[in-house]
Amino acid sequence: MVMTRDALLNQKGGVAKTTTTLHLGGTLAAAGRKTLLVDMDGQGNLTTGLKLERLNPKGELTLARAMLEGCDQEAAHSLVRRHSENLYVIPSALDLFTLPRHLHSARSSEERLAWVLELLQDEFDHCLVDCRPALDIDTDNVLRWADHVLIPVDVDEFSIEALELLLAQVHTLVTETRTAPPHYRGLVINRIDKPFSKFHQKVYDTLHALPLPVVGEIPLRTVVAEAKNKGMTISQYEPKADVARMFHDLAVKAGYLPETPAA
Ligand code: ADP
Ligand code: MG
């Protein structure tokens, strides 16, 4: 088993990074892929969206501590919680908020996430990391580990500028560390609310004209919020919903799942 290592990244908040991680992960799990989701945001929306407990820095090992202090395979396993069949999560913890501050004074400060997640890479088919909305040393860690980047975006005034900044940051990191650039799976345009105003249509068209492919388009749907309230993925909560099919199409178009031949 060769685990795909995916960063779901955009420093812009509210573009559905967490939602995409959760439901794409759910789609992969439903397709029989053993999938690990990593909540790298101290706010813990992925963790609570799946109704899992955050890890407690006072009583148990957390991802941040494992990154700062190092860990062995058994300790890395102890970070993982099972949500449902094929779907596993490394939950968030409050100490992720202070992780960047501690990383700045650590040796090999950008390698730390890779040290931890490499201990788990024989266990899963896919690992998706839900990043916090920042371009800081913790997201550099995700980029140093990832071999794929999927970029959730929304149709908003600042989306294009945010994307330019993000791509420049990845380029700088790759140049500075002389590593191979990650493979961009492409953009997922989220929270699509049609009909568009003229302005939003222009942003949407600009997103489509970028050199990165658009691999998914997900409309605003109340069923997404309902699934979150139940702590379930769309493919568990409402597998027949149109958004469930759209997350499946995303999984195919972005290259996670093979195309199923038409019946
Ligand atoms: P991010 O992780 O990028 O900050 P979230 O995934 O938390 O963004 O999404 C922001 C908000 O939008 C959340 O309240 C989420 O439930 C909601 N949301 C995201 N995608 C959809 C959708 N397709 N339909 C309805 N609500 C959505
Ligand atoms: Mg989030």
# chains A, B, ... in the order shown; residues from 1 in each chain; ligands from 1
>>> residues_near_ligand(ligand="ligand 2", cutoff="8 Å", atoms="only C-alpha atoms and all ligand atoms", output="JSON, numbers by chain")
{"A": [13, 14, 16, 17, 18, 19, 41, 43, 44, 45, 46, 130, 131, 132, 133]}
>>> write_last_selection(atoms="N, CA, C and O atoms", output="mmCIF file, in the first residue's frame")
data_model
loop_
_atom_site.group_PDB
_atom_site.id
_atom_site.type_symbol
_atom_site.label_atom_id
_atom_site.label_comp_id
_atom_site.auth_asym_id
_atom_site.auth_seq_id
_atom_site.Cartn_x
_atom_site.Cartn_y
_atom_site.Cartn_z
ATOM 1 N N GLY A 13 -9.697 31.729 4.913
ATOM 2 C CA GLY A 13 -10.625 30.982 5.763
ATOM 3 C C GLY A 13 -11.985 30.841 5.094
ATOM 4 O O GLY A 13 -12.328 31.611 4.188
ATOM 5 N N GLY A 14 -12.738 29.853 5.506
ATOM 6 C CA GLY A 14 -14.124 29.725 5.054
ATOM 7 C C GLY A 14 -14.297 29.257 3.618
ATOM 8 O O GLY A 14 -15.362 29.401 3.035
ATOM 9 N N ALA A 16 -14.061 26.157 2.730
ATOM 10 C CA ALA A 16 -14.477 24.751 2.843
ATOM 11 C C ALA A 16 -13.321 23.751 2.745
ATOM 12 O O ALA A 16 -13.489 22.652 2.219
ATOM 13 N N LYS A 17 -12.175 24.121 3.303
ATOM 14 C CA LYS A 17 -11.073 23.155 3.434
ATOM 15 C C LYS A 17 -11.528 21.968 4.275
ATOM 16 O O LYS A 17 -11.353 20.811 3.908
ATOM 17 N N THR A 18 -12.087 22.314 5.442
ATOM 18 C CA THR A 18 -12.483 21.267 6.388
ATOM 19 C C THR A 18 -13.613 20.414 5.811
ATOM 20 O O THR A 18 -13.566 19.177 5.877
ATOM 21 N N THR A 19 -14.588 21.083 5.203
ATOM 22 C CA THR A 19 -15.723 20.368 4.613
ATOM 23 C C THR A 19 -15.256 19.438 3.496
ATOM 24 O O THR A 19 -15.703 18.293 3.383
ATOM 25 N N ASP A 41 -5.764 22.044 12.494
ATOM 26 C CA ASP A 41 -6.260 23.354 12.903
ATOM 27 C C ASP A 41 -6.676 23.289 14.373
ATOM 28 O O ASP A 41 -7.513 22.451 14.739
ATOM 29 N N GLN A 43 -8.587 25.013 15.901
ATOM 30 C CA GLN A 43 -10.032 25.218 16.071
ATOM 31 C C GLN A 43 -10.798 23.906 16.043
ATOM 32 O O GLN A 43 -11.914 23.827 16.561
ATOM 33 N N GLY A 44 -10.225 22.908 15.410
ATOM 34 C CA GLY A 44 -10.779 21.554 15.502
ATOM 35 C C GLY A 44 -12.114 21.330 14.813
ATOM 36 O O GLY A 44 -12.878 20.457 15.215
ATOM 37 N N ASN A 45 -12.371 22.072 13.739
ATOM 38 C CA ASN A 45 -13.674 21.901 13.074
ATOM 39 C C ASN A 45 -13.847 20.531 12.430
ATOM 40 O O ASN A 45 -14.960 20.008 12.371
ATOM 41 N N LEU A 46 -12.769 19.965 11.957
ATOM 42 C CA LEU A 46 -12.863 18.617 11.369
ATOM 43 C C LEU A 46 -13.202 17.600 12.467
ATOM 44 O O LEU A 46 -14.060 16.737 12.300
ATOM 45 N N ASP A 130 -6.069 18.513 6.789
ATOM 46 C CA ASP A 130 -6.863 19.743 6.790
ATOM 47 C C ASP A 130 -6.021 20.822 7.478
ATOM 48 O O ASP A 130 -5.794 20.774 8.682
ATOM 49 N N CYS A 131 -5.554 21.792 6.696
ATOM 50 C CA CYS A 131 -4.656 22.817 7.234
ATOM 51 C C CYS A 131 -5.443 23.964 7.852
ATOM 52 O O CYS A 131 -6.578 24.228 7.493
ATOM 53 N N ARG A 132 -4.784 24.668 8.764
ATOM 54 C CA ARG A 132 -5.425 25.877 9.277
ATOM 55 C C ARG A 132 -5.214 26.997 8.237
ATOM 56 O O ARG A 132 -4.313 26.901 7.392
ATOM 57 N N PRO A 133 -6.048 28.038 8.296
ATOM 58 C CA PRO A 133 -5.918 29.093 7.295
ATOM 59 C C PRO A 133 -4.704 29.980 7.549
ATOM 60 O O PRO A 133 -4.811 31.050 8.132
#
>>> closest_atom_pairs(of="chain A", to="ligand 1", cutoff="10 Å", atoms="only C-alpha atoms and all ligand atoms", output="CSV")
residue,atom,partner,partner_atom_place_in_ligand_line,distance
A:Leu8,CA,ligand 1,3 (O),9.1
A:Leu9,CA,ligand 1,3 (O),8.4
A:Asn10,CA,ligand 1,3 (O),7.2
A:Gln11,CA,ligand 1,3 (O),8.2
A:Lys12,CA,ligand 1,3 (O),6.8
A:Gly13,CA,ligand 1,4 (O),4.1
A:Gly14,CA,ligand 1,4 (O),3.4
A:Val15,CA,ligand 1,3 (O),3.8
A:Ala16,CA,ligand 1,6 (O),3.1
A:Lys17,CA,ligand 1,3 (O),3.8
A:Thr18,CA,ligand 1,6 (O),3.7
A:Thr19,CA,ligand 1,6 (O),3.7
A:Thr20,CA,ligand 1,6 (O),6.4
A:Thr21,CA,ligand 1,6 (O),8.0
A:Leu22,CA,ligand 1,6 (O),8.4
A:His23,CA,ligand 1,20 (N),9.8
A:Asp41,CA,ligand 1,2 (O),8.7
A:Gln43,CA,ligand 1,2 (O),9.6
A:Gly44,CA,ligand 1,2 (O),9.6
A:Asn45,CA,ligand 1,7 (O),6.4
A:Leu46,CA,ligand 1,7 (O),7.9
A:Gly49,CA,ligand 1,16 (O),8.6
A:Asp130,CA,ligand 1,2 (O),7.4
A:Cys131,CA,ligand 1,2 (O),7.8
A:Arg132,CA,ligand 1,2 (O),7.2
A:Pro133,CA,ligand 1,4 (O),6.7
A:Ile151,CA,ligand 1,3 (O),9.8
A:Pro152,CA,ligand 1,3 (O),7.2
A:Val153,CA,ligand 1,3 (O),8.0
A:Asp154,CA,ligand 1,3 (O),8.9
A:Ile189,CA,ligand 1,23 (N),9.4
A:Asn190,CA,ligand 1,23 (N),6.0
A:Arg191,CA,ligand 1,23 (N),4.6
A:Ile192,CA,ligand 1,23 (N),7.2
A:Asp193,CA,ligand 1,24 (N),9.0
A:Glu217,CA,ligand 1,23 (N),9.0
A:Ile218,CA,ligand 1,23 (N),5.4
A:Pro219,CA,ligand 1,23 (N),4.9
A:Leu220,CA,ligand 1,24 (N),3.4
A:Arg221,CA,ligand 1,24 (N),3.9
A:Thr222,CA,ligand 1,25 (C),5.4
A:Val223,CA,ligand 1,25 (C),7.2
A:Val224,CA,ligand 1,24 (N),5.1
A:Ala225,CA,ligand 1,16 (O),5.1
A:Glu226,CA,ligand 1,16 (O),8.8
A:Ala227,CA,ligand 1,16 (O),9.2
A:Lys228,CA,ligand 1,16 (O),7.0
A:Asn229,CA,ligand 1,16 (O),9.3
A:Val243,CA,ligand 1,23 (N),7.4
A:Met246,CA,ligand 1,23 (N),9.9
A:Phe247,CA,ligand 1,23 (N),9.9
>>> select_by_dssp(residues="range 14-200 of chain A", states="alpha helix (DSSP H)", output="number ranges by chain")
A: 17-30, 45-49, 63-69, 73-78, 99-103, 112-117, 137-145, 159-177, 198-200
>>> atom_distance(atom1="CA of Val38 in chain A", atom2="CA of Glu60 in chain A")
16.7 Å
>>> atom_distance(atom1="CA of Leu50 in chain A", atom2="CA of Val2 in chain A")
25.6 Å
>>> residues_around(residues="range 62-67 of chain A", least_positions_apart="3", cutoff="8 Å", atoms="only C-alpha atoms", output="list in words")
Leu55, Asn56, Pro57, Gly70, Cys71, Ala75, Ala76, Leu79, Ile90, Ser92, Ala93, Asp95, Leu96, Leu99, Arg112, Leu113, Trp115 and Val116 of chain A
>>> decode(residues="range 199-212 of chain A", atoms="all heavy atoms", output="PDB file, in the first residue's frame")
ATOM      1  N   PHE A 199     -20.198  40.112 -10.924  1.00  0.00           N
ATOM      2  CA  PHE A 199     -18.874  40.083 -10.296  1.00  0.00           C
ATOM      3  C   PHE A 199     -18.451  38.641  -9.986  1.00  0.00           C
ATOM      4  O   PHE A 199     -17.333  38.220 -10.290  1.00  0.00           O
ATOM      5  CB  PHE A 199     -18.882  40.922  -9.009  1.00  0.00           C
ATOM      6  CG  PHE A 199     -17.611  40.775  -8.243  1.00  0.00           C
ATOM      7  CD1 PHE A 199     -16.452  41.403  -8.689  1.00  0.00           C
ATOM      8  CD2 PHE A 199     -17.542  39.958  -7.119  1.00  0.00           C
ATOM      9  CE1 PHE A 199     -15.256  41.238  -8.005  1.00  0.00           C
ATOM     10  CE2 PHE A 199     -16.355  39.789  -6.440  1.00  0.00           C
ATOM     11  CZ  PHE A 199     -15.208  40.433  -6.883  1.00  0.00           C
ATOM     12  N   HIS A 200     -19.367  37.885  -9.378  1.00  0.00           N
ATOM     13  CA  HIS A 200     -19.020  36.504  -9.018  1.00  0.00           C
ATOM     14  C   HIS A 200     -18.804  35.638 -10.262  1.00  0.00           C
ATOM     15  O   HIS A 200     -17.950  34.750 -10.277  1.00  0.00           O
ATOM     16  CB  HIS A 200     -20.093  35.911  -8.108  1.00  0.00           C
ATOM     17  CG  HIS A 200     -20.051  36.478  -6.725  1.00  0.00           C
ATOM     18  ND1 HIS A 200     -21.082  37.195  -6.171  1.00  0.00           N
ATOM     19  CD2 HIS A 200     -19.051  36.480  -5.798  1.00  0.00           C
ATOM     20  CE1 HIS A 200     -20.739  37.594  -4.963  1.00  0.00           C
ATOM     21  NE2 HIS A 200     -19.503  37.180  -4.710  1.00  0.00           N
ATOM     22  N   GLN A 201     -19.555  35.935 -11.310  1.00  0.00           N
ATOM     23  CA  GLN A 201     -19.356  35.205 -12.567  1.00  0.00           C
ATOM     24  C   GLN A 201     -17.931  35.445 -13.091  1.00  0.00           C
ATOM     25  O   GLN A 201     -17.267  34.517 -13.563  1.00  0.00           O
ATOM     26  CB  GLN A 201     -20.385  35.674 -13.608  1.00  0.00           C
ATOM     27  CG  GLN A 201     -20.325  34.904 -14.928  1.00  0.00           C
ATOM     28  CD  GLN A 201     -20.745  33.434 -14.776  1.00  0.00           C
ATOM     29  OE1 GLN A 201     -21.759  33.146 -14.161  1.00  0.00           O
ATOM     30  NE2 GLN A 201     -19.943  32.516 -15.314  1.00  0.00           N
ATOM     31  N   LYS A 202     -17.466  36.691 -12.926  1.00  0.00           N
ATOM     32  CA  LYS A 202     -16.125  37.039 -13.399  1.00  0.00           C
ATOM     33  C   LYS A 202     -15.058  36.271 -12.595  1.00  0.00           C
ATOM     34  O   LYS A 202     -14.097  35.744 -13.161  1.00  0.00           O
ATOM     35  CB  LYS A 202     -15.913  38.552 -13.262  1.00  0.00           C
ATOM     36  CG  LYS A 202     -14.895  39.079 -14.222  1.00  0.00           C
ATOM     37  CD  LYS A 202     -14.900  40.587 -14.252  1.00  0.00           C
ATOM     38  CE  LYS A 202     -13.489  41.065 -14.523  1.00  0.00           C
ATOM     39  NZ  LYS A 202     -13.226  42.403 -14.070  1.00  0.00           N
ATOM     40  N   VAL A 203     -15.242  36.225 -11.271  1.00  0.00           N
ATOM     41  CA  VAL A 203     -14.284  35.484 -10.432  1.00  0.00           C
ATOM     42  C   VAL A 203     -14.296  33.999 -10.816  1.00  0.00           C
ATOM     43  O   VAL A 203     -13.245  33.355 -10.968  1.00  0.00           O
ATOM     44  CB  VAL A 203     -14.632  35.637  -8.925  1.00  0.00           C
ATOM     45  CG1 VAL A 203     -13.704  34.788  -8.071  1.00  0.00           C
ATOM     46  CG2 VAL A 203     -14.562  37.097  -8.503  1.00  0.00           C
ATOM     47  N   TYR A 204     -15.497  33.459 -10.994  1.00  0.00           N
ATOM     48  CA  TYR A 204     -15.666  32.048 -11.371  1.00  0.00           C
ATOM     49  C   TYR A 204     -14.958  31.767 -12.703  1.00  0.00           C
ATOM     50  O   TYR A 204     -14.216  30.788 -12.830  1.00  0.00           O
ATOM     51  CB  TYR A 204     -17.168  31.766 -11.453  1.00  0.00           C
ATOM     52  CG  TYR A 204     -17.545  30.378 -11.888  1.00  0.00           C
ATOM     53  CD1 TYR A 204     -17.605  29.322 -10.962  1.00  0.00           C
ATOM     54  CD2 TYR A 204     -17.878  30.103 -13.219  1.00  0.00           C
ATOM     55  CE1 TYR A 204     -17.976  28.050 -11.362  1.00  0.00           C
ATOM     56  CE2 TYR A 204     -18.250  28.837 -13.623  1.00  0.00           C
ATOM     57  CZ  TYR A 204     -18.298  27.809 -12.695  1.00  0.00           C
ATOM     58  OH  TYR A 204     -18.666  26.548 -13.090  1.00  0.00           O
ATOM     59  N   ASP A 205     -15.159  32.640 -13.679  1.00  0.00           N
ATOM     60  CA  ASP A 205     -14.515  32.457 -14.985  1.00  0.00           C
ATOM     61  C   ASP A 205     -12.988  32.560 -14.855  1.00  0.00           C
ATOM     62  O   ASP A 205     -12.259  31.809 -15.503  1.00  0.00           O
ATOM     63  CB  ASP A 205     -15.019  33.518 -15.991  1.00  0.00           C
ATOM     64  CG  ASP A 205     -16.494  33.309 -16.338  1.00  0.00           C
ATOM     65  OD1 ASP A 205     -17.025  32.204 -16.068  1.00  0.00           O
ATOM     66  OD2 ASP A 205     -17.123  34.253 -16.855  1.00  0.00           O
ATOM     67  N   THR A 206     -12.532  33.480 -14.010  1.00  0.00           N
ATOM     68  CA  THR A 206     -11.076  33.617 -13.807  1.00  0.00           C
ATOM     69  C   THR A 206     -10.509  32.344 -13.187  1.00  0.00           C
ATOM     70  O   THR A 206      -9.443  31.874 -13.579  1.00  0.00           O
ATOM     71  CB  THR A 206     -10.771  34.838 -12.897  1.00  0.00           C
ATOM     72  OG1 THR A 206     -11.455  35.964 -13.400  1.00  0.00           O
ATOM     73  CG2 THR A 206      -9.283  35.118 -12.835  1.00  0.00           C
ATOM     74  N   LEU A 207     -11.226  31.764 -12.219  1.00  0.00           N
ATOM     75  CA  LEU A 207     -10.759  30.514 -11.594  1.00  0.00           C
ATOM     76  C   LEU A 207     -10.635  29.409 -12.651  1.00  0.00           C
ATOM     77  O   LEU A 207      -9.678  28.641 -12.658  1.00  0.00           O
ATOM     78  CB  LEU A 207     -11.726  30.072 -10.481  1.00  0.00           C
ATOM     79  CG  LEU A 207     -11.694  30.903  -9.195  1.00  0.00           C
ATOM     80  CD1 LEU A 207     -12.873  30.538  -8.288  1.00  0.00           C
ATOM     81  CD2 LEU A 207     -10.371  30.701  -8.444  1.00  0.00           C
ATOM     82  N   HIS A 208     -11.601  29.379 -13.558  1.00  0.00           N
ATOM     83  CA  HIS A 208     -11.569  28.353 -14.610  1.00  0.00           C
ATOM     84  C   HIS A 208     -10.472  28.596 -15.636  1.00  0.00           C
ATOM     85  O   HIS A 208     -10.050  27.660 -16.321  1.00  0.00           O
ATOM     86  CB  HIS A 208     -12.930  28.287 -15.316  1.00  0.00           C
ATOM     87  CG  HIS A 208     -13.861  27.311 -14.669  1.00  0.00           C
ATOM     88  ND1 HIS A 208     -13.836  25.956 -14.920  1.00  0.00           N
ATOM     89  CD2 HIS A 208     -14.823  27.483 -13.732  1.00  0.00           C
ATOM     90  CE1 HIS A 208     -14.746  25.341 -14.200  1.00  0.00           C
ATOM     91  NE2 HIS A 208     -15.366  26.247 -13.449  1.00  0.00           N
ATOM     92  N   ALA A 209     -10.026  29.852 -15.755  1.00  0.00           N
ATOM     93  CA  ALA A 209      -9.012  30.165 -16.766  1.00  0.00           C
ATOM     94  C   ALA A 209      -7.587  29.978 -16.232  1.00  0.00           C
ATOM     95  O   ALA A 209      -6.624  30.089 -16.979  1.00  0.00           O
ATOM     96  CB  ALA A 209      -9.210  31.602 -17.238  1.00  0.00           C
ATOM     97  N   LEU A 210      -7.450  29.667 -14.940  1.00  0.00           N
ATOM     98  CA  LEU A 210      -6.112  29.494 -14.358  1.00  0.00           C
ATOM     99  C   LEU A 210      -5.469  28.209 -14.876  1.00  0.00           C
ATOM    100  O   LEU A 210      -6.172  27.290 -15.306  1.00  0.00           O
ATOM    101  CB  LEU A 210      -6.226  29.437 -12.825  1.00  0.00           C
ATOM    102  CG  LEU A 210      -6.669  30.728 -12.130  1.00  0.00           C
ATOM    103  CD1 LEU A 210      -6.965  30.466 -10.661  1.00  0.00           C
ATOM    104  CD2 LEU A 210      -5.607  31.804 -12.284  1.00  0.00           C
ATOM    105  N   PRO A 211      -4.142  28.128 -14.805  1.00  0.00           N
ATOM    106  CA  PRO A 211      -3.489  26.910 -15.299  1.00  0.00           C
ATOM    107  C   PRO A 211      -3.799  25.664 -14.461  1.00  0.00           C
ATOM    108  O   PRO A 211      -3.608  24.542 -14.928  1.00  0.00           O
ATOM    109  CB  PRO A 211      -1.992  27.236 -15.240  1.00  0.00           C
ATOM    110  CG  PRO A 211      -1.860  28.570 -14.622  1.00  0.00           C
ATOM    111  CD  PRO A 211      -3.200  29.186 -14.454  1.00  0.00           C
ATOM    112  N   LEU A 212      -4.300  25.836 -13.240  1.00  0.00           N
ATOM    113  CA  LEU A 212      -4.665  24.657 -12.431  1.00  0.00           C
ATOM    114  C   LEU A 212      -6.050  24.155 -12.855  1.00  0.00           C
ATOM    115  O   LEU A 212      -6.963  24.960 -13.025  1.00  0.00           O
ATOM    116  CB  LEU A 212      -4.728  25.034 -10.948  1.00  0.00           C
ATOM    117  CG  LEU A 212      -3.420  25.384 -10.272  1.00  0.00           C
ATOM    118  CD1 LEU A 212      -3.681  25.916  -8.869  1.00  0.00           C
ATOM    119  CD2 LEU A 212      -2.517  24.167 -10.204  1.00  0.00           C
TER     120      LEU A 212
END
